[in-house]
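The structure under discussion appears below in the form of structure tokens.
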Amino acid sequence: MTSRIGCRDLRVVARGRELLHVDRLDVAAGAVLAVLGPNGAGKSTLLRALARLGRHHVTGEVLLDGSPAGPREMRRAVAAVLQRPILRRGTVTANAAAGLRLRGVGRADAVRRSVPWLDAFGVGHLGERDARTLSGGEAQRVALARALAVAPRVLLLDEPFAGLDATTRTDLLADLRAVLDGLDTTTVLVTHDRHEARALATDTALLVAGRIRQLGPTEHVLDRPADAACARLVGYTNLLLPAVTGRLAVLAARPEACRVSTEHHDGDGIAVMGTVRRVVPLGGGTRVDVDTAAGTLACLGPGGEGLEPGRAVVVTVAEADVRVLVEDDPALATCGDPADVVHSG
Amino acid sequence: MTSRIGCRDLRVVARGRELLHVDRLDVAAGAVLAVLGPNGAGKSTLLRALARLGRHHVTGEVLLDGSPAGPREMRRAVAAVLQRPILRRGTVTANAAAGLRLRGVGRADAVRRSVPWLDAFGVGHLGERDARTLSGGEAQRVALARALAVAPRVLLLDEPFAGLDATTRTDLLADLRAVLDGLDTTTVLVTHDRHEARALATDTALLVAGRIRQLGPTEHVLDRPADAACARLVGYTNLLLPAVTGRLAVLAARPEACRVSTEHHDGDGIAVMGTVRRVVPLGGGTRVDVDTAAGTLACLGPGGEGLEPGRAVVVTVAEADVRVLVEDDPALATCGDPADVVHSG
Amino acid sequence: MDVLLDGFVQAVQLLLGGDAATWAITGLTLRISLTATVIAAIVGVPLGAAVALTSFRGRRVVLAAANTGMGLPPVVVGLFVTVLLWRSGPLGAFGLLYTPTAMIIAQAVIATPIVVALVAAAVQQVDPDFLVQMQGLGATRGRALAALFGEARLPLLAAAMAAFGAVVSEVGAAQMVGGNLAGETRVLTTAAVLATSRGEFALAIAFGLILLMIAFAVNLVLTLVGQRQAVPSR
Amino acid sequence: MDVLLDGFVQAVQLLLGGDAATWAITGLTLRISLTATVIAAIVGVPLGAAVALTSFRGRRVVLAAANTGMGLPPVVVGLFVTVLLWRSGPLGAFGLLYTPTAMIIAQAVIATPIVVALVAAAVQQVDPDFLVQMQGLGATRGRALAALFGEARLPLLAAAMAAFGAVVSEVGAAQMVGGNLAGETRVLTTAAVLATSRGEFALAIAFGLILLMIAFAVNLVLTLVGQRQAVPSR
Amino acid sequence: GSPAAAPSAERSLILATTTSTQDSGLLDDLLPAFTADTGWQVKTVAVGSGQAIELGRRGEADVLLVHSPDAEKKFVAEGTAGRRLLVMHNDFVLVGPPADPAGIRGTGVADAMTRIARSGAVFVSRGDDSGTAAREKALWQQAGVTPGGEWYQETGQGMGATLRVAAEKAGYTLSDRATYLSQSAGLTLLNEGDPGLLNVYHVIEMTTKAGNRVQPEAGAAFADWITGPAAQQRIGEFGRAQFAQPLFVPDAGKPEPVP
Ligand SMILES: Nc1ncnc2c1ncn2[C@@H]1O[C@H](COP(=O)(O)OP(=O)(O)OP(=O)(O)O)[C@@H](O)[C@H]1O
Ligand SMILES: Nc1ncnc2c1ncn2[C@@H]1O[C@H](COP(=O)(O)OP(=O)(O)OP(=O)(O)O)[C@@H](O)[C@H]1O
Ligand SMILES: [Mg+2]
Ligand SMILES: [Mg+2]
């Protein structure tokens with residue numbers, strides 16, 4: 001399968017700071033690549049750089065169908081949904097049609113082709129409304145409809161479901177998946193939601209501080225983080241250092257997998273000694289932060305009733321719930337860079 | 001405990017349409033009320049009406065400490081974080097201090113009091129940056145810091161964690177919970193995330209089409225939806241009507257709890273016959289939509305390999321996973337309205 | 001005060017009575033000032049947009065010059081253009097002095113800084129991501145800019161009106177480069193000045209009122225054009 | 001062309017040579033036009049902001065009037081104010097005609113519609129939720145408005161410059177209500193006109209250049225004030 | 001006015017006069033002396049003769065200094081004015097392109113006007129009801145010509161501007177000698193000296209009949225002063241240094257000239 005969109009040695013610099021540096025990225029025709037990363041990692045910057053949008057200083061090449069492409073070619077191929085829904089003055093219908101209108105499609109035709117998308121995103125009944133009176137989620141839906149109506153070869157989505165209510169989100173995930181399967185569209189999806197990545201993306205890239213730290217099939221990336229930063233990103237936020245585990249490698253675990261108890265039960269798994277720093281009751285469960293000899297561990301789960309700060313406790317994790325990390329060596333930071341094209345699912 | 005903020009017969013009308021009508025709402029001092037609702041339900045409208053902000057036509061009373069309050073009193077008591085982070089031109093530090101500055105605090109003092117909040121939200125290092133160059137999540141954090149620096153008596157948060165990365169979000173939930181426990185602040189939190197509601201809110205209100213449909217302790221509201229709309233909102237999106245279940249009442253179930261099989265195994269629970277409408281593979285599982293005699297059911301889970309559209313199947317749900325709904329009678333729509341004050345946790 | 005009333009009555013009489021000279025003067029005024037405004041827009045809109053959207057060298061200088069240029073005294077512009085167009089001047093060969101063309105040139109010079117400064121201010125106020133989003137939907141640079149102008153249509157309208165208002169109402173340059181020749185270069189403002197110097201104050205007021213009607217009509221047309229694809233007021 | 005060069009030389013000589021009359025005229029020009037601009041701002045900024053932010057009855061009328069009013073011919077305003085201030089006029093008792101006060105009144109009338117129209121356009125362009133967010137942080141209406149003006153400071157600056165530029169450079173009203181009395185109401189524009197009518201073109205150009213310097217200085221001061229708490233350019 | 005000017009503002013009069021007296025610089029020479037002699041501050045409103053007389057008629061001026069005899073007589077006859085006194089004269093001249101295509105050099109003025117009209121050469125008129133324009137109209141009348149058409153152009157502007165237009169269009173025009181001397185603009189003096197070209201200035205004092213805020217004593221003071229010996233001498237001297245000839249001839253007390 002060939003690469004639909006990609007880049008080589010892509011660097012974005014603003015005021016002397018390098019915001020992004022991607023050596024190599026390729027996304028195959030029909031594939032969906034999820035990009036996960038902490039706030040400020042450069043996800044939106046990457047999306048804009050790929051579409052050759054915006055005013056930052058960008059060097060390197062963007063590839064479309066394998067050959068370098070300038071802003072003109074990119075603009076013809078791409079439709080982007082920015083992080084904030086940016087609508088024009090005018091009605092919802094006019095906004096939904098704007099993508100096609102901006103590509104030179106006639107007014108009537110553009111409206112005819114975009115209205116079904118408004119319906120698909122559940123805002124068809126708002127057609128005559130002034131776009132500036134929409135609620136946050138409604139505006140986000142209109143922005144999505146506008147981009148999809150274009151039926152672009154490359155779809156760039158920046159946290160497209162952020163403002164949507166949970167139920168719609170679940171439904172849309174399924175709908176969008178079905179739609180994308182039917183279109184010849186390559187999608188790059190920026191998201192903070194691992195479930196979204198899992199549901200939609202064949203492959204996932206973890207972006208940290210402007211660098212792709214890990215890239216591969218979504219299931220693998222989400223379950224087998226390569227280093228500490230990646231682990232943090234996919235929910236393995238507790239780092240268990242050799243100093244406290246006695247193991248050779250650094251281990252990572254999810255807070256949900258860590259149990260706190262006042263006595264040490266010998267058994268399978270890992271046990272770390274520490275003292276309670278704070279206890280935060282969080283509705284469905286309690287979060288207990290435990291200070292250990294090497295950092296603080298967060299434990300999330302039911303129980304934790306008898307605990308108060310200062311109490312000596314043991315944190316236990318089952319062997320199946322820990323992940324072994326490669327050493328967090330900056331030199332290895334780009335180790336996850338892809339050797340070959342991200343494949344369509 | 002007395003009501004810190006509340007309202008009586010609050011109505012918001014725009015262009016002849018009633019966007020919101022809340023008969024009665026009271027949130028106690030120190031309590032956190034979560035407001036859940038689909039997009040366009042009127043959540044943001046409610047928040048603004050409570051703070052007496054914005055240009056909509058509002059009638060009814062807003063109560064502060066039990067007595068009717070005008071815009072002036074509300075403004076002194078409230079700090080609001082709107083759905084979109086709206087920052088001023090200027091540096092991040094200036095923005096974080098803006099809340100205090102706008103309340104007449106001197107520049108140096110305002111900066112001194114707001115900088116710790118920038119640190120708390122992980123954007124302390126951006127202090128000198130032009131606020132317009134921030135990433136979406138960074139801007140959201142600055143907006144949060146700005147509001148909390150004010151140490152308001154009433155904190156109104158409109159989807160405050162929407163743009164934040166998952167890890168930060170989890171950490172912030174715990175931090176915020178700890179902070180709020182230490183302050184004499186009443187919080188109204190609009191969110192689409194049930195986990196956020198569970199973690200932070202003592203009580204939860206479900207808002208649908210401008211009306212509060214259910215209000216009570218968070219655990220209860222999330223687990224015992226009163227009617228179909230509420231059920232949909234808290235994830236019980238599959239409605240099982242008497243026509244297909246043979247029961248007297250309408251039942252609701254989560255897609256995750258519904259299993260599809262090709263043969264009918266007699267056993268505990270409910271079984272509904274239908275035909276497969278579509279099969280959508282969603283990373284970690286497969287979503288199968290099944291057409292039944294009374295509506296479509298979504299089933300989410302592993303498996304579903306051998307299914308194709310048109311195939312006759314059976315959807316089964318365990319008895320423990322279904323919820324009984326009161327009849328979805330519009331007259332009962334406000335049945336959930338509170339008799340007494342929402343209590344602090 | 002009766003002078004003002006007389007002026008109003010006279011304005012109505014002149015227009016409705018079909019006074020040919022008045023209609024000719026009115027027509028010439030419109031033609032000259034609209035042409036000058038259009039020329040100023042052709043030069044000023046791209047420059048103003050460039051100042052707002054790009055960061056070329058000398059951007060600040062252009063902006064400062066435009067802001068300062070809004071204080072360009074018409075009399076001095078008139079003198080300047082006159083000196084250029086004098087027979088002995090560098091452009092004397094064209095014989096443009098005391099023609100409507102000369103007036104258009106002078107008024108375009110007056111209007112251009114106004115357009116540049118106000119367009120820059122208007123465009124600068126639009127969300128910086130607006131252009132990005134439009135291009136992200138596949139718009140060419142031209143189409144994206146058109147969308148941007150549509151978005152900033154209210155302040156752009158105000159800019160156009162400010163420029164047109166400035167030139168249609170000024171008299172210094174019109175007088176000096178046009179010469180106020182009856183039937184050739186006499187426009188409403190110079191006619192009003194002449195009426196004043198003749199002591200016919202009511203007539204002067206009448207010309208002023210006709211001028212205001214023109215300004216109102218242009219404003220109306222611009223507003224209607226601007227609101228063609230507009231939305232209900234917010 | 002040498003006239004222009006002469007004008008430049010003469011401008012420098014007049015200013016640096018410390019010609020007292022020139023300095024007095026320059027000072028008077030600044031005083032009158034700045035005062036008029038400030039008055040126009042005091043009237044026009046609230047009105048413009050109200051037009052942009054609230055939806056009172058007659059809002060559209062005010063906006064149309066302001067847009068039209070940008071085309072108010074100074075000559076006619078001058079005549080109007082003159083008629084009001086005439087000894088026989090309603091305000092004749094104050095004896096204001098041919099005083100700087102009369103010039104300030106006329107120039108304020110000219111500048112006010114400019115301020116209203118451009119402020120309305122500027123404020124209308126700010127995110128409608130901006131005010132809401134400021135008030136949601138506890139700002140009183142006044143403080144929220146101040147923040148809003150800070151946000152729209154670039155177009156507001158342009159509005160101020162447009163108003164100042166219009167009045168400082170106009171001559172029709174200044175001439176008519178001021179009378180161009182030497183040492184009393186002579187300002188740079190009327191001095192330039194007098195110089196022109198005396199055929200002293202270089203002197204006229206010199207006055208024009210001094211006027212531009214004034215406009216530039218005011219622009220500079222406004223820009224610096226505006227950028228006091230400003231950010232690096234985007 | 002500034003605080004310093006405030007006390008004398010009590011004693012300030014409004015003089016409505018024609019642009020020629022101001023543009024030539026004569027008033028700048030005379031008025032300080034008048035103020036020094038009488039204590040009256042003068043607010044000079046330099047406008048066309050038509051406007052000056054209109055201002056007098058409305059009582060907006062205390063005294064007029066104008067040069068449009070026919071209009072003046074009509075105005076005085078209305079009865080609101082006081083004395084009308086002869087102050088000075090200079091003369092009008094016919095100027096035109098050096099080539100003189102109409103051949104008016106040395107002819108009588110009526111003849112000259114007819115020749116210009118016949119030749120089709122451009123004639124630029126002020127057309128602004130000023131004294132000059134009024135005189136020009138009278139000259140056409142005397143010559144029996146009704147001006148109009150392509151060759152006859154009206155500027156509606158002051159003398160200086162009209163001279164410049166005439167120069168630019170290579171046309172003829174009628175100018176007062178003072179303005180022509182200061183702004184010849186490339187035109188040649190072609191015809192002068194005819195009695196019909198006399199340009200006579202009168203001072204007219206206004207009375208309260210024109211308006212109750214008129215200050216008759218101020219008007220009288222100015223009229224008396226400018227027709228007095230000191231002022232007359234100044235008038236006779238004015239311009240001698242710069243142009244080697246006086247621009248105005250003092251006439252106070254002499255009989256009315258008959259044009
Ligand atoms: N002009 C600029 N100067 C300096 N830094 C900038 C500039 N513009 C953006 N940045 C920084 O670049 C980083 C990457 O920004 P970007 O918007 O790509 O983040 P992101 O990964 O999309 O974050 P989020 O999840 O919050 O949306 C951020 O830290 C941002 O503050
Ligand atoms: N001026 C208006 N005219 C008509 N309808 C309006 C107006 N302003 C808002 N609305 C509608 O009111 C409803 C409530 O809006 P609101 O912003 O409160 O929704 P919300 O619950 O916050 O939704 P979201 O989850 O998308 O933020 C929306 O359907 C919106 O379109
Ligand atoms: Mg982003
Ligand atoms: Mg909302």
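Here's how to read the names in the structure tokens: chain A, B, ... by the order shown, residue numbers from 1 in each chain, ligand numbers from 1 in the order shown.
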**Study point:** Residues of segment 176-235 of chain A in helix (DSSP H, G or I), written as a PyMOL selection string
**Key:** chain A and resi 176-182+194-200+218-223+228-233
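Proximal residues of ligand 4 are Ser135, Gly136 and Gly137 of chain A; Asn39, Gly40, Gly42, Lys43, Ser44, Thr45, Gln83, Asp158, Glu159 and Val190 of chain B, by a cut-off of 8 Å on only C-alpha atoms and all ligand atoms.
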With a cut-off of 12 Å and counting only C-alpha atoms, select all residues of chain E in contact with chain C and give the selection as an mmCIF file with N, CA and C atoms, in the first residue's frame.
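Saved file selection36.cif follows:
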```cif
data_model
loop_
_atom_site.group_PDB
_atom_site.id
_atom_site.type_symbol
_atom_site.label_atom_id
_atom_site.label_comp_id
_atom_site.auth_asym_id
_atom_site.auth_seq_id
_atom_site.Cartn_x
_atom_site.Cartn_y
_atom_site.Cartn_z
ATOM 1 N N ALA E 16 -15.600 93.054 8.043
ATOM 2 C CA ALA E 16 -15.764 92.160 6.902
ATOM 3 C C ALA E 16 -15.182 92.867 5.695
ATOM 4 N N THR E 17 -14.244 92.167 5.058
ATOM 5 C CA THR E 17 -13.579 92.829 3.945
ATOM 6 C C THR E 17 -13.326 91.848 2.825
ATOM 7 N N THR E 18 -12.837 92.341 1.731
ATOM 8 C CA THR E 18 -12.583 91.475 0.588
ATOM 9 C C THR E 18 -11.229 90.823 0.748
ATOM 10 N N THR E 19 -11.050 89.708 0.023
ATOM 11 C CA THR E 19 -9.791 88.968 0.151
ATOM 12 C C THR E 19 -8.613 89.798 -0.317
ATOM 13 N N VAL E 45 -12.687 89.368 8.838
ATOM 14 C CA VAL E 45 -13.234 88.248 8.100
ATOM 15 C C VAL E 45 -13.047 88.569 6.629
ATOM 16 N N ALA E 46 -12.043 87.879 6.040
ATOM 17 C CA ALA E 46 -11.728 88.176 4.646
ATOM 18 C C ALA E 46 -12.527 87.245 3.751
ATOM 19 N N VAL E 47 -13.482 87.786 3.042
ATOM 20 C CA VAL E 47 -14.378 86.976 2.213
ATOM 21 C C VAL E 47 -14.633 87.729 0.912
ATOM 22 N N GLY E 48 -15.474 87.169 0.040
ATOM 23 C CA GLY E 48 -15.832 87.900 -1.176
ATOM 24 C C GLY E 48 -16.675 89.117 -0.820
ATOM 25 N N SER E 49 -16.681 90.128 -1.719
ATOM 26 C CA SER E 49 -17.480 91.326 -1.458
ATOM 27 C C SER E 49 -18.932 90.952 -1.211
ATOM 28 N N GLY E 50 -19.420 89.999 -1.985
ATOM 29 C CA GLY E 50 -20.814 89.578 -1.826
ATOM 30 C C GLY E 50 -21.081 89.119 -0.409
ATOM 31 N N GLN E 51 -20.194 88.236 0.117
ATOM 32 C CA GLN E 51 -20.392 87.727 1.475
ATOM 33 C C GLN E 51 -20.208 88.839 2.499
ATOM 34 N N ALA E 52 -19.244 89.714 2.244
ATOM 35 C CA ALA E 52 -18.993 90.799 3.192
ATOM 36 C C ALA E 52 -20.245 91.656 3.354
ATOM 37 N N ILE E 53 -20.866 92.007 2.217
ATOM 38 C CA ILE E 53 -22.070 92.837 2.292
ATOM 39 C C ILE E 53 -23.196 92.069 2.966
ATOM 40 N N GLU E 54 -23.280 90.764 2.662
ATOM 41 C CA GLU E 54 -24.328 89.945 3.287
ATOM 42 C C GLU E 54 -24.145 89.906 4.806
ATOM 43 N N LEU E 55 -22.878 89.802 5.238
ATOM 44 C CA LEU E 55 -22.608 89.797 6.680
ATOM 45 C C LEU E 55 -23.033 91.127 7.297
ATOM 46 N N GLY E 56 -22.764 92.236 6.560
ATOM 47 C CA GLY E 56 -23.193 93.540 7.051
ATOM 48 C C GLY E 56 -24.703 93.585 7.170
ATOM 49 N N ARG E 57 -25.371 93.106 6.137
ATOM 50 C CA ARG E 57 -26.826 93.151 6.097
ATOM 51 C C ARG E 57 -27.403 92.410 7.297
ATOM 52 N N ARG E 58 -26.766 91.327 7.709
ATOM 53 C CA ARG E 58 -27.279 90.527 8.815
ATOM 54 C C ARG E 58 -26.794 91.035 10.178
ATOM 55 N N GLU E 60 -23.771 90.989 11.217
ATOM 56 C CA GLU E 60 -22.703 90.144 11.757
ATOM 57 C C GLU E 60 -21.370 90.874 11.722
ATOM 58 N N ALA E 71 -23.203 97.251 -5.893
ATOM 59 C CA ALA E 71 -23.819 96.486 -4.810
ATOM 60 C C ALA E 71 -23.840 97.317 -3.530
ATOM 61 N N PHE E 123 -11.415 83.274 -21.738
ATOM 62 C CA PHE E 123 -11.448 84.309 -20.721
ATOM 63 C C PHE E 123 -11.867 83.647 -19.410
ATOM 64 N N VAL E 124 -11.072 83.889 -18.401
ATOM 65 C CA VAL E 124 -11.363 83.260 -17.113
ATOM 66 C C VAL E 124 -11.943 84.304 -16.181
ATOM 67 N N SER E 125 -13.159 84.018 -15.725
ATOM 68 C CA SER E 125 -13.856 84.945 -14.854
ATOM 69 C C SER E 125 -13.845 84.423 -13.428
ATOM 70 N N ARG E 126 -13.862 85.329 -12.452
ATOM 71 C CA ARG E 126 -13.948 84.855 -11.066
ATOM 72 C C ARG E 126 -15.346 84.330 -10.778
ATOM 73 N N GLY E 127 -16.336 84.998 -11.304
ATOM 74 C CA GLY E 127 -17.713 84.508 -11.177
ATOM 75 C C GLY E 127 -18.144 84.289 -9.754
ATOM 76 N N ASP E 128 -17.653 85.130 -8.814
ATOM 77 C CA ASP E 128 -17.984 84.859 -7.412
ATOM 78 C C ASP E 128 -18.619 86.059 -6.709
ATOM 79 N N ASP E 129 -19.188 86.978 -7.482
ATOM 80 C CA ASP E 129 -19.832 88.139 -6.862
ATOM 81 C C ASP E 129 -18.864 89.032 -6.107
ATOM 82 N N SER E 130 -17.584 88.894 -6.386
ATOM 83 C CA SER E 130 -16.624 89.784 -5.757
ATOM 84 C C SER E 130 -16.679 91.128 -6.485
ATOM 85 N N GLY E 131 -16.003 92.122 -5.955
ATOM 86 C CA GLY E 131 -15.953 93.404 -6.620
ATOM 87 C C GLY E 131 -15.388 93.270 -8.027
ATOM 88 N N ALA E 133 -15.473 90.623 -9.964
ATOM 89 C CA ALA E 133 -16.443 89.970 -10.844
ATOM 90 C C ALA E 133 -17.538 90.949 -11.239
ATOM 91 N N ALA E 134 -17.951 91.769 -10.278
ATOM 92 C CA ALA E 134 -19.004 92.745 -10.570
ATOM 93 C C ALA E 134 -18.522 93.727 -11.632
ATOM 94 N N GLY E 148 -20.410 83.816 -22.471
ATOM 95 C CA GLY E 148 -20.917 82.452 -22.274
ATOM 96 C C GLY E 148 -20.329 81.565 -23.344
ATOM 97 N N GLY E 149 -20.371 80.276 -23.101
ATOM 98 C CA GLY E 149 -19.840 79.337 -24.079
ATOM 99 C C GLY E 149 -18.494 78.790 -23.662
ATOM 100 N N GLU E 150 -17.922 78.035 -24.571
ATOM 101 C CA GLU E 150 -16.680 77.325 -24.309
ATOM 102 C C GLU E 150 -15.572 78.239 -23.797
ATOM 103 N N TRP E 151 -15.490 79.416 -24.414
ATOM 104 C CA TRP E 151 -14.334 80.275 -24.143
ATOM 105 C C TRP E 151 -14.435 80.979 -22.811
ATOM 106 N N TYR E 152 -15.634 81.013 -22.218
ATOM 107 C CA TYR E 152 -15.835 81.781 -20.995
ATOM 108 C C TYR E 152 -15.913 80.836 -19.803
ATOM 109 N N GLN E 153 -14.937 80.913 -18.927
ATOM 110 C CA GLN E 153 -14.893 79.956 -17.828
ATOM 111 C C GLN E 153 -14.909 80.667 -16.488
ATOM 112 N N GLU E 154 -15.729 80.129 -15.580
ATOM 113 C CA GLU E 154 -15.846 80.745 -14.260
ATOM 114 C C GLU E 154 -15.153 79.876 -13.211
ATOM 115 N N THR E 155 -14.326 80.476 -12.382
ATOM 116 C CA THR E 155 -13.632 79.686 -11.365
ATOM 117 C C THR E 155 -14.345 79.709 -10.029
ATOM 118 N N GLY E 156 -15.098 80.760 -9.789
ATOM 119 C CA GLY E 156 -15.741 80.843 -8.475
ATOM 120 C C GLY E 156 -14.721 80.920 -7.355
ATOM 121 N N GLN E 157 -13.511 81.337 -7.656
ATOM 122 C CA GLN E 157 -12.474 81.371 -6.624
ATOM 123 C C GLN E 157 -11.874 82.769 -6.517
ATOM 124 N N GLY E 158 -10.921 82.896 -5.621
ATOM 125 C CA GLY E 158 -10.259 84.176 -5.395
ATOM 126 C C GLY E 158 -9.387 84.576 -6.575
ATOM 127 N N MET E 159 -8.804 85.774 -6.468
ATOM 128 C CA MET E 159 -8.055 86.326 -7.586
ATOM 129 C C MET E 159 -6.808 85.509 -7.906
ATOM 130 N N GLY E 160 -6.086 85.112 -6.847
ATOM 131 C CA GLY E 160 -4.848 84.369 -7.058
ATOM 132 C C GLY E 160 -5.112 83.082 -7.824
ATOM 133 N N ALA E 161 -6.094 82.315 -7.367
ATOM 134 C CA ALA E 161 -6.423 81.053 -8.023
ATOM 135 C C ALA E 161 -6.870 81.306 -9.453
ATOM 136 N N THR E 162 -7.671 82.382 -9.639
ATOM 137 C CA THR E 162 -8.165 82.669 -10.985
ATOM 138 C C THR E 162 -7.005 83.036 -11.918
ATOM 139 N N LEU E 163 -6.058 83.781 -11.427
ATOM 140 C CA LEU E 163 -4.878 84.103 -12.238
ATOM 141 C C LEU E 163 -4.150 82.821 -12.641
ATOM 142 N N ARG E 164 -4.051 81.888 -11.694
ATOM 143 C CA ARG E 164 -3.329 80.654 -12.013
ATOM 144 C C ARG E 164 -4.080 79.843 -13.066
ATOM 145 N N VAL E 165 -5.398 79.799 -12.937
ATOM 146 C CA VAL E 165 -6.175 79.064 -13.941
ATOM 147 C C VAL E 165 -5.984 79.727 -15.302
ATOM 148 N N ALA E 166 -6.058 81.047 -15.332
ATOM 149 C CA ALA E 166 -5.904 81.756 -16.603
ATOM 150 C C ALA E 166 -4.540 81.462 -17.213
ATOM 151 N N ALA E 167 -3.517 81.475 -16.386
ATOM 152 C CA ALA E 167 -2.176 81.197 -16.894
ATOM 153 C C ALA E 167 -2.119 79.790 -17.471
ATOM 154 N N GLU E 168 -2.710 78.835 -16.728
ATOM 155 C CA GLU E 168 -2.654 77.443 -17.155
ATOM 156 C C GLU E 168 -3.418 77.250 -18.466
ATOM 157 N N LYS E 169 -4.513 77.998 -18.628
ATOM 158 C CA LYS E 169 -5.341 77.830 -19.821
ATOM 159 C C LYS E 169 -4.949 78.826 -20.912
ATOM 160 N N ALA E 170 -3.877 79.592 -20.681
ATOM 161 C CA ALA E 170 -3.449 80.616 -21.642
ATOM 162 C C ALA E 170 -4.618 81.533 -21.980
ATOM 163 N N ALA E 185 2.130 84.998 -12.215
ATOM 164 C CA ALA E 185 1.911 83.633 -12.691
ATOM 165 C C ALA E 185 2.150 83.449 -14.185
ATOM 166 N N GLY E 186 2.985 84.303 -14.778
ATOM 167 C CA GLY E 186 3.305 84.093 -16.189
ATOM 168 C C GLY E 186 2.373 84.803 -17.154
#
```
Would you give me, as a Markdown table, each residue of chain B having an atom within 12 Å of an atom of ligand 3, along with its shortest atom pair and that distance in Å to one decimal, using only C-alpha atoms and all ligand atoms and sorting by chain and residue number?
```
| residue | atom | partner | partner_atom_place_in_ligand_line | distance |
| --- | --- | --- | --- | --- |
| B:Thr133 | CA | ligand 3 | 1 (Mg) | 11.2 |
| B:Leu134 | CA | ligand 3 | 1 (Mg) | 9.0 |
| B:Ser135 | CA | ligand 3 | 1 (Mg) | 5.3 |
| B:Gly136 | CA | ligand 3 | 1 (Mg) | 5.1 |
| B:Gly137 | CA | ligand 3 | 1 (Mg) | 6.7 |
| B:Glu138 | CA | ligand 3 | 1 (Mg) | 8.8 |
| B:Ala139 | CA | ligand 3 | 1 (Mg) | 10.0 |
| B:Gln140 | CA | ligand 3 | 1 (Mg) | 11.0 |
| B:Ala162 | CA | ligand 3 | 1 (Mg) | 11.8 |
| B:Gly163 | CA | ligand 3 | 1 (Mg) | 8.2 |
| B:Leu164 | CA | ligand 3 | 1 (Mg) | 9.5 |
| B:Asp165 | CA | ligand 3 | 1 (Mg) | 10.0 |
```
Check your understanding: Within 8 Å of chain A, which residues of chain B show up when using only C-alpha atoms, listed as a PyMOL selection string?
Key -> chain B and resi 37-40+44+83-84+134-138+162-168+174+177-178+192-193+197-202+218-219+232-235+237+280-285+287
Exercise for review: Please provide the set of residues having any atom within 12 Å of Gly89 of chain C, restricted to only C-alpha atoms, with same-chain residues fewer than 4 positions apart removed, written as JSON, numbers by chain.
Suggested key: {"C": [80, 81, 82, 83, 84, 85, 93, 94, 95, 96, 97], "D": [1, 2, 3, 4], "E": [168]}
Review point. At what distance in Å, to one decimal, does atom CA of Leu203 of chain D lie from atom CA of Gly7 of chain D?
Key: 5.8 Å
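Ranking A:Arg17, A:Arg112, A:Arg48, A:Arg132 by their shortest atom-to-atom distance to ligand 2, with only C-alpha atoms and all ligand atoms included, puts A:Arg132 first.
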Practice item. Measuring atom to atom with only C-alpha atoms and all ligand atoms, identify which of B:Pro309, B:Gly246, B:Gly16, B:Gly267 is nearest to ligand 2. Key: B:Gly16
Practice item. Write out as a PyMOL selection string which residues come within 8 Å of segment 241-253 of chain E when counting only C-alpha atoms, dropping same-chain ones fewer than 4 positions away. Key: chain E and resi 85-90+177-178+181+227-228+232-233+235-237
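You can rank D:Thr112, D:Ala166, D:Trp23, D:Pro128 by their closest distance to chain A using only C-alpha atoms, and at the top of that list sits D:Pro128.
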**Study point:** Residues near Arg88 of chain B, cut-off 10 Å, only C-alpha atoms, skip fewer than 4 positions along chain, as a VMD selection string
**Key:** (chain B and resid 92 94 to 96 98 130 to 132) or (chain D and resid 130 134 147 to 148 150 to 151)
Practice item. Could you give me the residues within segment 46-227 of chain E that DSSP places in strand (DSSP E), as a PyMOL selection string? Key: chain E and resi 46-47+63-66+81-96+123-125+152-154+173-176+188-191+198-206
Review point. What's the 10 Å shell around Leu206 of chain B, counting only C-alpha atoms, without same-chain residues fewer than 4 positions away, as an MDAnalysis selection string?
Key: chainID B and resid 34:38 41 43 210:216 221:222 225:226 229:231 233:234 336
